[in-house]
Structure formats: structure tokens, C-alpha cells
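Trainee: Please find one structure pasted underneath; my questions will follow.
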Amino acid sequence: MEIENFNFEQSYFELFDLPVSCEIDTAKLRENFMQMQRQYHPDRFASASDAERRRAVQIAAHVNGAHQTLDVPLKRAEYCLQLAGLSTDSETDAKMDPMFLMQQMELREVLEEISSAAEPYEALDSARNDIDVQIKHMQAETAGFVAQAKYDDARESIRRWQFLEKLAEEANSIEAQLDEA
């Protein structure tokens with residue numbers, strides 16, 4: 001790929017020569033990313049014209065953004081839905097499975113009680129394990145729905161996955177608080 005012929009319109013999957021899927025070969029992603037970084041790094045164009053240097057910076061930023069999207073499973077799944085023309089923006093649709101919401105409320109209560117537990121680190125590990133198991137389930141479920149082009153179902157799985165990721169972030173915050181205490 002020459003710098004002037006770089007195609008910003010191709011999908012991130014096409015950019016890294018990967019199939020559109022929630023489950024990708026992460027080693028191939030990394031290998032192709034590293035190769036593109038070497039090829040388009042702005043330092044390689046230090047003696048080029050101003051326009052070529054600007055284009056190299058734009059390409060490098062695009063490649064980095066694409067890599068960051070495909071390297072994170074949740075972002076990759078959201079991007080798959082974006083390519084299918086769907087949004088996972090929870091602000092536009094407040095509908096959620098009541099059973100799932102109850103489970104999340106229970107997990108949130110468990111997290112809130114960790115700091116007062118007799119063994120807070122054990123309680124945190126247990127809560128994290130529960131959250132991780134559910135995240136792995138949502139990840140597999142979403143991948144299956146995307147593979148079958150069941151995008152509305154995938155969207156709902158992603159929205160549940162987003163809730164779980166927020167709980168995982170809360171668990172990390174609790175650990176930081178425990179470490180400070």
C-alpha cells in the first residue's frame with residue numbers, strides 16, 4: 001500500500017485482512033498492525049512533503065484507532081454491529097430483560113458490601129469471578145449471534161455485556177480503594 005493510495009473507506013477488518021467476526025485471530029491482528037505501523041509510521045516520512053507527512057499522521061492515527069477497536073472484544077463486537085447498521089447506544093433504548101437487571105442489582109449489592117466483608121479480597125475475587133463468567137458468556141453469545149447475522153439479538157447481548165463491563169470496572173475501583181486502606 002502506497003501512502004497516496006491508502007483507503008480510509010475500508011472496514012477495520014479489511015484493513016487488517018481479517019474476516020468480519022467477533023472472534024478473530026488476535027496474533028494475526030497484532031502482526032498486521034505491527035507491519036502497518038512500520039510501513040506508515042510518520043517518522044518514515046520525515047523528509048517527505050508536508051502533505052505526505054500529514055497523510056502519514058492521518059494513516060497512523062487511523063491504523064491505531066482500528067487496532068484499538070479490534071483488539072478489545074467488546075469494542076470489536078460493537079463495531080461488527082456498526083458495520084451491520086445497528087447501534088448499541090443504550091441511551092436510545094431503555095428496554096432490558098428484567099431478570100438480567102435483577103442479577104445486575106444483586107451483583108452491585110455484593111460489590112457495595114465488599115469493603116465491610118470479613119475477608120474483602122476474597123469477596124472481591126468471588127464477585128470478579130462471577131462477573132468474568134458472565135462476560136465470557138455474553139462474549140460467546142454475541143459472537144454466535146453475529147455469525148448467524150442475528151443482529152438484534154447480538155445488540156441485546158452487547159448491551160448486557162456493557163453492563164457487566166461497568167461492574168468489572170467497579171470491582172477494579174473497589175480493589176484500588178482496598179489497597180489504599
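Going by the C-alpha cells order, chains are called A, B, ..., each with residues numbered from 1, while ligands are numbered from 1 in the order shown.
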So which residues touch Ala127 of chain A within 8 Å, counting only C-alpha atoms, skipping near sequence neighbours fewer than 4 positions away, as a PyMOL selection string?
Mentor: chain A and resi 107+110-111+123+131+171
Trainee: Could you save the residues just selected, with N, CA and C atoms, as a tab-separated table (two decimals), in the first residue's frame?
Mentor:
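File written: part.tsv
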chain	number	residue	atom	x	y	z
A	107	LEU	N	-25.50	-8.20	41.91
A	107	LEU	CA	-24.04	-8.10	41.82
A	107	LEU	C	-23.55	-6.75	42.35
A	110	VAL	N	-23.53	-6.87	46.04
A	110	VAL	CA	-22.37	-7.65	46.50
A	110	VAL	C	-21.13	-6.76	46.49
A	111	LEU	N	-20.95	-6.00	45.41
A	111	LEU	CA	-19.78	-5.12	45.31
A	111	LEU	C	-19.80	-4.05	46.40
A	123	ALA	N	-13.92	-11.81	48.98
A	123	ALA	CA	-15.25	-11.43	48.48
A	123	ALA	C	-15.13	-10.77	47.11
A	131	ILE	N	-18.60	-12.11	37.68
A	131	ILE	CA	-18.69	-11.14	36.59
A	131	ILE	C	-17.95	-11.66	35.36
A	171	ALA	N	-15.45	-3.18	40.24
A	171	ALA	CA	-14.65	-4.11	41.03
A	171	ALA	C	-13.20	-3.63	41.08
Trainee: Segment 132-135 of chain A: which residues within 9 Å, counting only C-alpha atoms, same-chain residues fewer than 4 positions away excluded, as a PyMOL selection string?
Mentor: chain A and resi 127-128+139-140+160-162+164-165+168
Trainee: Pull the alpha helix (DSSP H) assignments for segment 21-178 of chain A out of DSSP run on the backbone, and list those residues as an mmCIF file with N, CA and C atoms, in the first residue's frame.
Mentor:
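Everything below was put into out15.cif:
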data_model
loop_
_atom_site.group_PDB
_atom_site.id
_atom_site.type_symbol
_atom_site.label_atom_id
_atom_site.label_comp_id
_atom_site.auth_asym_id
_atom_site.auth_seq_id
_atom_site.Cartn_x
_atom_site.Cartn_y
_atom_site.Cartn_z
ATOM 1 N N THR A 26 -6.136 -12.949 17.007
ATOM 2 C CA THR A 26 -5.500 -11.764 17.588
ATOM 3 C C THR A 26 -4.007 -11.707 17.272
ATOM 4 N N ALA A 27 -3.373 -12.852 17.056
ATOM 5 C CA ALA A 27 -1.959 -12.848 16.668
ATOM 6 C C ALA A 27 -1.808 -12.240 15.271
ATOM 7 N N LYS A 28 -2.727 -12.581 14.374
ATOM 8 C CA LYS A 28 -2.683 -12.008 13.024
ATOM 9 C C LYS A 28 -2.982 -10.514 13.078
ATOM 10 N N LEU A 29 -3.915 -10.116 13.918
ATOM 11 C CA LEU A 29 -4.206 -8.691 14.090
ATOM 12 C C LEU A 29 -2.946 -7.955 14.523
ATOM 13 N N ARG A 30 -2.290 -8.481 15.525
ATOM 14 C CA ARG A 30 -1.071 -7.824 16.047
ATOM 15 C C ARG A 30 0.020 -7.793 14.983
ATOM 16 N N GLU A 31 0.221 -8.900 14.299
ATOM 17 C CA GLU A 31 1.249 -8.982 13.254
ATOM 18 C C GLU A 31 0.972 -7.961 12.141
ATOM 19 N N ASN A 32 -0.264 -7.894 11.672
ATOM 20 C CA ASN A 32 -0.613 -6.952 10.611
ATOM 21 C C ASN A 32 -0.537 -5.509 11.097
ATOM 22 N N PHE A 33 -0.905 -5.286 12.360
ATOM 23 C CA PHE A 33 -0.801 -3.954 12.944
ATOM 24 C C PHE A 33 0.657 -3.498 12.989
ATOM 25 N N MET A 34 1.516 -4.369 13.462
ATOM 26 C CA MET A 34 2.945 -4.016 13.547
ATOM 27 C C MET A 34 3.517 -3.717 12.162
ATOM 28 N N GLN A 35 3.128 -4.517 11.181
ATOM 29 C CA GLN A 35 3.605 -4.308 9.810
ATOM 30 C C GLN A 35 3.130 -2.956 9.285
ATOM 31 N N MET A 36 1.878 -2.613 9.555
ATOM 32 C CA MET A 36 1.343 -1.331 9.091
ATOM 33 C C MET A 36 1.972 -0.167 9.839
ATOM 34 N N GLN A 37 2.255 -0.357 11.103
ATOM 35 C CA GLN A 37 2.938 0.693 11.862
ATOM 36 C C GLN A 37 4.303 0.984 11.245
ATOM 37 N N ARG A 38 5.024 -0.082 10.919
ATOM 38 C CA ARG A 38 6.333 0.120 10.290
ATOM 39 C C ARG A 38 6.184 0.817 8.943
ATOM 40 N N GLN A 39 5.197 0.409 8.170
ATOM 41 C CA GLN A 39 5.010 0.943 6.820
ATOM 42 C C GLN A 39 4.573 2.406 6.822
ATOM 43 N N TYR A 40 3.708 2.781 7.756
ATOM 44 C CA TYR A 40 3.116 4.112 7.718
ATOM 45 C C TYR A 40 3.536 5.030 8.861
ATOM 46 N N ASP A 50 5.091 18.247 3.020
ATOM 47 C CA ASP A 50 4.169 18.496 4.128
ATOM 48 C C ASP A 50 2.885 17.678 3.970
ATOM 49 N N ALA A 51 2.376 17.602 2.757
ATOM 50 C CA ALA A 51 1.139 16.847 2.503
ATOM 51 C C ALA A 51 1.337 15.365 2.800
ATOM 52 N N GLU A 52 2.463 14.797 2.405
ATOM 53 C CA GLU A 52 2.729 13.376 2.669
ATOM 54 C C GLU A 52 2.910 13.132 4.159
ATOM 55 N N ARG A 53 3.561 14.048 4.859
ATOM 56 C CA ARG A 53 3.739 13.892 6.312
ATOM 57 C C ARG A 53 2.377 13.933 7.011
ATOM 58 N N ARG A 54 1.514 14.881 6.604
ATOM 59 C CA ARG A 54 0.167 14.956 7.199
ATOM 60 C C ARG A 54 -0.618 13.679 6.917
ATOM 61 N N ARG A 55 -0.506 13.195 5.697
ATOM 62 C CA ARG A 55 -1.226 11.960 5.326
ATOM 63 C C ARG A 55 -0.710 10.778 6.150
ATOM 64 N N ALA A 56 0.600 10.709 6.357
ATOM 65 C CA ALA A 56 1.179 9.626 7.170
ATOM 66 C C ALA A 56 0.653 9.682 8.598
ATOM 67 N N VAL A 57 0.534 10.893 9.148
ATOM 68 C CA VAL A 57 -0.009 11.048 10.505
ATOM 69 C C VAL A 57 -1.470 10.589 10.538
ATOM 70 N N GLN A 58 -2.252 10.973 9.517
ATOM 71 C CA GLN A 58 -3.654 10.548 9.442
ATOM 72 C C GLN A 58 -3.763 9.032 9.340
ATOM 73 N N ILE A 59 -2.929 8.442 8.511
ATOM 74 C CA ILE A 59 -2.958 6.983 8.343
ATOM 75 C C ILE A 59 -2.581 6.293 9.649
ATOM 76 N N ALA A 60 -1.511 6.771 10.282
ATOM 77 C CA ALA A 60 -1.069 6.158 11.545
ATOM 78 C C ALA A 60 -2.178 6.235 12.596
ATOM 79 N N ALA A 61 -2.850 7.382 12.680
ATOM 80 C CA ALA A 61 -3.941 7.544 13.645
ATOM 81 C C ALA A 61 -5.099 6.598 13.307
ATOM 82 N N HIS A 62 -5.404 6.468 12.024
ATOM 83 C CA HIS A 62 -6.478 5.569 11.589
ATOM 84 C C HIS A 62 -6.133 4.114 11.924
ATOM 85 N N VAL A 63 -4.921 3.708 11.638
ATOM 86 C CA VAL A 63 -4.471 2.339 11.916
ATOM 87 C C VAL A 63 -4.495 2.071 13.419
ATOM 88 N N ASN A 64 -4.037 3.029 14.226
ATOM 89 C CA ASN A 64 -4.056 2.862 15.678
ATOM 90 C C ASN A 64 -5.491 2.742 16.199
ATOM 91 N N GLY A 65 -6.390 3.592 15.699
ATOM 92 C CA GLY A 65 -7.790 3.524 16.115
ATOM 93 C C GLY A 65 -8.436 2.201 15.725
ATOM 94 N N ALA A 66 -8.141 1.741 14.522
ATOM 95 C CA ALA A 66 -8.672 0.459 14.058
ATOM 96 C C ALA A 66 -8.173 -0.683 14.942
ATOM 97 N N HIS A 67 -6.889 -0.644 15.268
ATOM 98 C CA HIS A 67 -6.320 -1.688 16.125
ATOM 99 C C HIS A 67 -6.963 -1.668 17.505
ATOM 100 N N GLN A 68 -7.113 -0.470 18.083
ATOM 101 C CA GLN A 68 -7.722 -0.367 19.411
ATOM 102 C C GLN A 68 -9.153 -0.904 19.410
ATOM 103 N N THR A 69 -9.865 -0.701 18.321
ATOM 104 C CA THR A 69 -11.235 -1.202 18.217
ATOM 105 C C THR A 69 -11.257 -2.723 18.122
ATOM 106 N N LEU A 70 -10.440 -3.278 17.247
ATOM 107 C CA LEU A 70 -10.482 -4.734 17.027
ATOM 108 C C LEU A 70 -9.778 -5.524 18.128
ATOM 109 N N ASP A 71 -8.898 -4.895 18.868
ATOM 110 C CA ASP A 71 -8.143 -5.599 19.902
ATOM 111 C C ASP A 71 -8.958 -5.849 21.173
ATOM 112 N N PRO A 73 -12.401 -7.076 22.784
ATOM 113 C CA PRO A 73 -13.563 -7.869 22.359
ATOM 114 C C PRO A 73 -14.895 -7.114 22.324
ATOM 115 N N LEU A 74 -15.191 -6.320 23.352
ATOM 116 C CA LEU A 74 -16.461 -5.591 23.368
ATOM 117 C C LEU A 74 -16.500 -4.544 22.256
ATOM 118 N N LYS A 75 -15.426 -3.804 22.081
ATOM 119 C CA LYS A 75 -15.384 -2.804 21.004
ATOM 120 C C LYS A 75 -15.501 -3.470 19.637
ATOM 121 N N ARG A 76 -14.876 -4.625 19.495
ATOM 122 C CA ARG A 76 -14.942 -5.369 18.231
ATOM 123 C C ARG A 76 -16.380 -5.791 17.938
ATOM 124 N N ALA A 77 -17.079 -6.277 18.955
ATOM 125 C CA ALA A 77 -18.474 -6.698 18.778
ATOM 126 C C ALA A 77 -19.347 -5.498 18.430
ATOM 127 N N GLU A 78 -19.125 -4.387 19.112
ATOM 128 C CA GLU A 78 -19.886 -3.173 18.798
ATOM 129 C C GLU A 78 -19.616 -2.733 17.358
ATOM 130 N N TYR A 79 -18.381 -2.849 16.928
ATOM 131 C CA TYR A 79 -18.023 -2.472 15.556
ATOM 132 C C TYR A 79 -18.694 -3.398 14.532
ATOM 133 N N CYS A 80 -18.783 -4.681 14.845
ATOM 134 C CA CYS A 80 -19.492 -5.617 13.955
ATOM 135 C C CYS A 80 -20.934 -5.160 13.759
ATOM 136 N N LEU A 81 -21.580 -4.748 14.837
ATOM 137 C CA LEU A 81 -22.952 -4.263 14.720
ATOM 138 C C LEU A 81 -23.015 -2.944 13.957
ATOM 139 N N GLN A 82 -22.036 -2.105 14.182
ATOM 140 C CA GLN A 82 -21.980 -0.831 13.444
ATOM 141 C C GLN A 82 -21.897 -1.107 11.945
ATOM 142 N N LEU A 83 -21.085 -2.081 11.557
ATOM 143 C CA LEU A 83 -20.980 -2.431 10.141
ATOM 144 C C LEU A 83 -22.303 -2.955 9.590
ATOM 145 N N PRO A 98 -35.803 -7.891 32.514
ATOM 146 C CA PRO A 98 -35.931 -7.666 33.959
ATOM 147 C C PRO A 98 -35.100 -8.648 34.803
ATOM 148 N N MET A 99 -35.013 -9.910 34.379
ATOM 149 C CA MET A 99 -34.200 -10.873 35.129
ATOM 150 C C MET A 99 -32.732 -10.473 35.116
ATOM 151 N N PHE A 100 -32.257 -10.040 33.976
ATOM 152 C CA PHE A 100 -30.865 -9.593 33.875
ATOM 153 C C PHE A 100 -30.637 -8.384 34.780
ATOM 154 N N LEU A 101 -31.561 -7.447 34.764
ATOM 155 C CA LEU A 101 -31.414 -6.258 35.613
ATOM 156 C C LEU A 101 -31.393 -6.626 37.093
ATOM 157 N N MET A 102 -32.188 -7.607 37.479
ATOM 158 C CA MET A 102 -32.171 -8.068 38.875
ATOM 159 C C MET A 102 -30.817 -8.667 39.236
ATOM 160 N N GLN A 103 -30.265 -9.477 38.327
ATOM 161 C CA GLN A 103 -28.945 -10.066 38.567
ATOM 162 C C GLN A 103 -27.892 -8.973 38.726
ATOM 163 N N GLN A 104 -27.996 -7.929 37.917
ATOM 164 C CA GLN A 104 -27.021 -6.843 37.990
ATOM 165 C C GLN A 104 -27.151 -6.075 39.297
ATOM 166 N N MET A 105 -28.394 -5.883 39.747
ATOM 167 C CA MET A 105 -28.614 -5.206 41.026
ATOM 168 C C MET A 105 -28.013 -6.032 42.160
ATOM 169 N N GLU A 106 -28.185 -7.355 42.084
ATOM 170 C CA GLU A 106 -27.619 -8.226 43.112
ATOM 171 C C GLU A 106 -26.095 -8.164 43.104
ATOM 172 N N LEU A 107 -25.499 -8.200 41.913
ATOM 173 C CA LEU A 107 -24.041 -8.099 41.825
ATOM 174 C C LEU A 107 -23.548 -6.747 42.347
ATOM 175 N N ARG A 108 -24.277 -5.702 42.026
ATOM 176 C CA ARG A 108 -23.904 -4.363 42.503
ATOM 177 C C ARG A 108 -23.961 -4.314 44.034
ATOM 178 N N GLU A 109 -24.982 -4.943 44.628
ATOM 179 C CA GLU A 109 -25.088 -5.003 46.093
ATOM 180 C C GLU A 109 -23.908 -5.759 46.681
ATOM 181 N N VAL A 110 -23.529 -6.870 46.036
ATOM 182 C CA VAL A 110 -22.368 -7.646 46.501
ATOM 183 C C VAL A 110 -21.128 -6.761 46.489
ATOM 184 N N LEU A 111 -20.946 -6.002 45.413
ATOM 185 C CA LEU A 111 -19.780 -5.120 45.314
ATOM 186 C C LEU A 111 -19.803 -4.050 46.402
ATOM 187 N N GLU A 112 -20.994 -3.514 46.677
ATOM 188 C CA GLU A 112 -21.109 -2.466 47.700
ATOM 189 C C GLU A 112 -20.774 -2.989 49.098
ATOM 190 N N GLU A 113 -20.988 -4.283 49.343
ATOM 191 C CA GLU A 113 -20.756 -4.860 50.667
ATOM 192 C C GLU A 113 -19.340 -5.380 50.864
ATOM 193 N N PRO A 120 -12.364 -9.036 52.657
ATOM 194 C CA PRO A 120 -12.791 -8.266 51.481
ATOM 195 C C PRO A 120 -12.141 -8.712 50.169
ATOM 196 N N TYR A 121 -10.874 -9.121 50.214
ATOM 197 C CA TYR A 121 -10.221 -9.539 48.967
ATOM 198 C C TYR A 121 -10.814 -10.849 48.428
ATOM 199 N N GLU A 122 -11.158 -11.753 49.355
ATOM 200 C CA GLU A 122 -11.811 -12.999 48.928
ATOM 201 C C GLU A 122 -13.182 -12.709 48.336
ATOM 202 N N ALA A 123 -13.924 -11.811 48.977
ATOM 203 C CA ALA A 123 -15.253 -11.431 48.480
ATOM 204 C C ALA A 123 -15.127 -10.766 47.105
ATOM 205 N N LEU A 124 -14.098 -9.944 46.948
ATOM 206 C CA LEU A 124 -13.869 -9.276 45.664
ATOM 207 C C LEU A 124 -13.525 -10.292 44.581
ATOM 208 N N ASP A 125 -12.640 -11.239 44.913
ATOM 209 C CA ASP A 125 -12.281 -12.279 43.943
ATOM 210 C C ASP A 125 -13.495 -13.093 43.508
ATOM 211 N N SER A 126 -14.354 -13.406 44.457
ATOM 212 C CA SER A 126 -15.557 -14.176 44.160
ATOM 213 C C SER A 126 -16.486 -13.372 43.238
ATOM 214 N N ALA A 127 -16.678 -12.108 43.563
ATOM 215 C CA ALA A 127 -17.543 -11.254 42.730
ATOM 216 C C ALA A 127 -16.948 -11.104 41.333
ATOM 217 N N ARG A 128 -15.649 -10.893 41.264
ATOM 218 C CA ARG A 128 -14.987 -10.768 39.960
ATOM 219 C C ARG A 128 -15.149 -12.040 39.135
ATOM 220 N N ASN A 129 -15.025 -13.179 39.794
ATOM 221 C CA ASN A 129 -15.186 -14.452 39.095
ATOM 222 C C ASN A 129 -16.595 -14.556 38.503
ATOM 223 N N ASP A 130 -17.604 -14.194 39.297
ATOM 224 C CA ASP A 130 -18.987 -14.218 38.802
ATOM 225 C C ASP A 130 -19.142 -13.303 37.590
ATOM 226 N N ILE A 131 -18.596 -12.111 37.685
ATOM 227 C CA ILE A 131 -18.689 -11.143 36.591
ATOM 228 C C ILE A 131 -17.954 -11.665 35.356
ATOM 229 N N ASP A 132 -16.751 -12.204 35.548
ATOM 230 C CA ASP A 132 -15.963 -12.719 34.425
ATOM 231 C C ASP A 132 -16.671 -13.863 33.706
ATOM 232 N N VAL A 133 -17.303 -14.745 34.477
ATOM 233 C CA VAL A 133 -18.041 -15.857 33.873
ATOM 234 C C VAL A 133 -19.175 -15.320 33.007
ATOM 235 N N GLN A 134 -19.889 -14.339 33.522
ATOM 236 C CA GLN A 134 -20.993 -13.755 32.754
ATOM 237 C C GLN A 134 -20.494 -13.008 31.514
ATOM 238 N N ILE A 135 -19.358 -12.323 31.635
ATOM 239 C CA ILE A 135 -18.793 -11.616 30.482
ATOM 240 C C ILE A 135 -18.405 -12.622 29.398
ATOM 241 N N LYS A 136 -17.765 -13.709 29.794
ATOM 242 C CA LYS A 136 -17.382 -14.733 28.808
ATOM 243 C C LYS A 136 -18.617 -15.314 28.124
ATOM 244 N N HIS A 137 -19.682 -15.500 28.885
ATOM 245 C CA HIS A 137 -20.932 -15.999 28.308
ATOM 246 C C HIS A 137 -21.485 -14.996 27.293
ATOM 247 N N MET A 138 -21.515 -13.715 27.652
ATOM 248 C CA MET A 138 -22.032 -12.681 26.743
ATOM 249 C C MET A 138 -21.159 -12.585 25.490
ATOM 250 N N GLN A 139 -19.856 -12.728 25.679
ATOM 251 C CA GLN A 139 -18.921 -12.673 24.550
ATOM 252 C C GLN A 139 -19.217 -13.809 23.567
ATOM 253 N N ALA A 140 -19.373 -15.022 24.076
ATOM 254 C CA ALA A 140 -19.661 -16.174 23.209
ATOM 255 C C ALA A 140 -21.046 -16.053 22.580
ATOM 256 N N GLU A 141 -22.013 -15.627 23.365
ATOM 257 C CA GLU A 141 -23.367 -15.476 22.849
ATOM 258 C C GLU A 141 -23.402 -14.438 21.724
ATOM 259 N N THR A 142 -22.749 -13.320 21.943
ATOM 260 C CA THR A 142 -22.706 -12.260 20.937
ATOM 261 C C THR A 142 -22.035 -12.749 19.663
ATOM 262 N N ALA A 143 -20.916 -13.440 19.804
ATOM 263 C CA ALA A 143 -20.201 -13.959 18.630
ATOM 264 C C ALA A 143 -21.096 -14.890 17.823
ATOM 265 N N GLY A 144 -21.842 -15.720 18.510
ATOM 266 C CA GLY A 144 -22.755 -16.631 17.823
ATOM 267 C C GLY A 144 -23.847 -15.886 17.076
ATOM 268 N N PHE A 145 -24.416 -14.878 17.724
ATOM 269 C CA PHE A 145 -25.466 -14.096 17.066
ATOM 270 C C PHE A 145 -24.926 -13.343 15.849
ATOM 271 N N VAL A 146 -23.739 -12.767 15.967
ATOM 272 C CA VAL A 146 -23.149 -12.039 14.839
ATOM 273 C C VAL A 146 -22.861 -13.007 13.696
ATOM 274 N N ALA A 147 -22.312 -14.169 14.018
ATOM 275 C CA ALA A 147 -22.002 -15.163 12.986
ATOM 276 C C ALA A 147 -23.261 -15.608 12.233
ATOM 277 N N TYR A 151 -28.566 -9.812 14.313
ATOM 278 C CA TYR A 151 -28.004 -8.585 14.853
ATOM 279 C C TYR A 151 -28.824 -7.976 15.983
ATOM 280 N N ASP A 152 -30.139 -8.120 15.961
ATOM 281 C CA ASP A 152 -30.934 -7.599 17.070
ATOM 282 C C ASP A 152 -30.619 -8.359 18.354
ATOM 283 N N ASP A 153 -30.477 -9.682 18.253
ATOM 284 C CA ASP A 153 -30.094 -10.486 19.421
ATOM 285 C C ASP A 153 -28.681 -10.126 19.871
ATOM 286 N N ALA A 154 -27.781 -9.925 18.918
ATOM 287 C CA ALA A 154 -26.398 -9.547 19.248
ATOM 288 C C ALA A 154 -26.390 -8.203 19.971
ATOM 289 N N ARG A 155 -27.240 -7.308 19.518
ATOM 290 C CA ARG A 155 -27.320 -5.978 20.142
ATOM 291 C C ARG A 155 -27.712 -6.104 21.609
ATOM 292 N N GLU A 156 -28.695 -6.934 21.897
ATOM 293 C CA GLU A 156 -29.120 -7.122 23.285
ATOM 294 C C GLU A 156 -28.014 -7.766 24.120
ATOM 295 N N SER A 157 -27.301 -8.726 23.542
ATOM 296 C CA SER A 157 -26.181 -9.352 24.260
ATOM 297 C C SER A 157 -25.089 -8.324 24.552
ATOM 298 N N ILE A 158 -24.807 -7.483 23.579
ATOM 299 C CA ILE A 158 -23.782 -6.455 23.769
ATOM 300 C C ILE A 158 -24.204 -5.484 24.867
ATOM 301 N N ARG A 159 -25.459 -5.126 24.888
ATOM 302 C CA ARG A 159 -25.921 -4.193 25.931
ATOM 303 C C ARG A 159 -25.768 -4.814 27.320
ATOM 304 N N ARG A 160 -26.061 -6.107 27.442
ATOM 305 C CA ARG A 160 -25.853 -6.784 28.730
ATOM 306 C C ARG A 160 -24.357 -6.844 29.051
ATOM 307 N N TRP A 161 -23.552 -7.117 28.027
ATOM 308 C CA TRP A 161 -22.096 -7.173 28.186
ATOM 309 C C TRP A 161 -21.567 -5.821 28.669
ATOM 310 N N GLN A 162 -22.107 -4.734 28.148
ATOM 311 C CA GLN A 162 -21.688 -3.394 28.569
ATOM 312 C C GLN A 162 -21.960 -3.190 30.061
ATOM 313 N N PHE A 163 -23.116 -3.635 30.532
ATOM 314 C CA PHE A 163 -23.432 -3.557 31.961
ATOM 315 C C PHE A 163 -22.386 -4.311 32.774
ATOM 316 N N LEU A 164 -22.060 -5.517 32.321
ATOM 317 C CA LEU A 164 -21.093 -6.345 33.046
ATOM 318 C C LEU A 164 -19.709 -5.707 33.070
ATOM 319 N N GLU A 165 -19.328 -5.090 31.958
ATOM 320 C CA GLU A 165 -18.019 -4.405 31.916
ATOM 321 C C GLU A 165 -17.976 -3.261 32.922
ATOM 322 N N LYS A 166 -19.107 -2.558 33.091
ATOM 323 C CA LYS A 166 -19.158 -1.482 34.089
ATOM 324 C C LYS A 166 -18.996 -2.053 35.490
ATOM 325 N N LEU A 167 -19.602 -3.207 35.739
ATOM 326 C CA LEU A 167 -19.435 -3.852 37.040
ATOM 327 C C LEU A 167 -17.982 -4.273 37.253
ATOM 328 N N ALA A 168 -17.328 -4.753 36.203
ATOM 329 C CA ALA A 168 -15.911 -5.132 36.305
ATOM 330 C C ALA A 168 -15.061 -3.909 36.630
ATOM 331 N N GLU A 169 -15.391 -2.767 36.041
ATOM 332 C CA GLU A 169 -14.669 -1.525 36.347
ATOM 333 C C GLU A 169 -14.894 -1.130 37.797
ATOM 334 N N GLU A 170 -16.119 -1.295 38.287
ATOM 335 C CA GLU A 170 -16.408 -1.003 39.688
ATOM 336 C C GLU A 170 -15.589 -1.907 40.609
ATOM 337 N N ALA A 171 -15.454 -3.176 40.236
ATOM 338 C CA ALA A 171 -14.648 -4.106 41.030
ATOM 339 C C ALA A 171 -13.199 -3.634 41.076
ATOM 340 N N ASN A 172 -12.681 -3.153 39.965
ATOM 341 C CA ASN A 172 -11.310 -2.624 39.946
ATOM 342 C C ASN A 172 -11.179 -1.405 40.848
ATOM 343 N N SER A 173 -12.181 -0.566 40.845
ATOM 344 C CA SER A 173 -12.177 0.622 41.693
ATOM 345 C C SER A 173 -12.202 0.229 43.175
ATOM 346 N N ILE A 174 -12.998 -0.779 43.487
ATOM 347 C CA ILE A 174 -13.067 -1.258 44.871
ATOM 348 C C ILE A 174 -11.709 -1.807 45.299
ATOM 349 N N GLU A 175 -11.052 -2.540 44.410
ATOM 350 C CA GLU A 175 -9.733 -3.064 44.759
ATOM 351 C C GLU A 175 -8.752 -1.937 45.038
ATOM 352 N N ALA A 176 -8.793 -0.887 44.236
ATOM 353 C CA ALA A 176 -7.909 0.250 44.458
ATOM 354 C C ALA A 176 -8.193 0.893 45.828
ATOM 355 N N GLN A 177 -9.477 0.973 46.187
ATOM 356 C CA GLN A 177 -9.848 1.534 47.497
ATOM 357 C C GLN A 177 -9.345 0.638 48.626
ATOM 358 N N LEU A 178 -9.468 -0.679 48.441
ATOM 359 C CA LEU A 178 -8.977 -1.606 49.463
ATOM 360 C C LEU A 178 -7.465 -1.500 49.614
#
Trainee: How many Å lie between atom CA of Pro42 of chain A and atom CA of Val20 of chain A, rounded to one decimal?
Mentor: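 These two atoms are separated by 28.3 Å.
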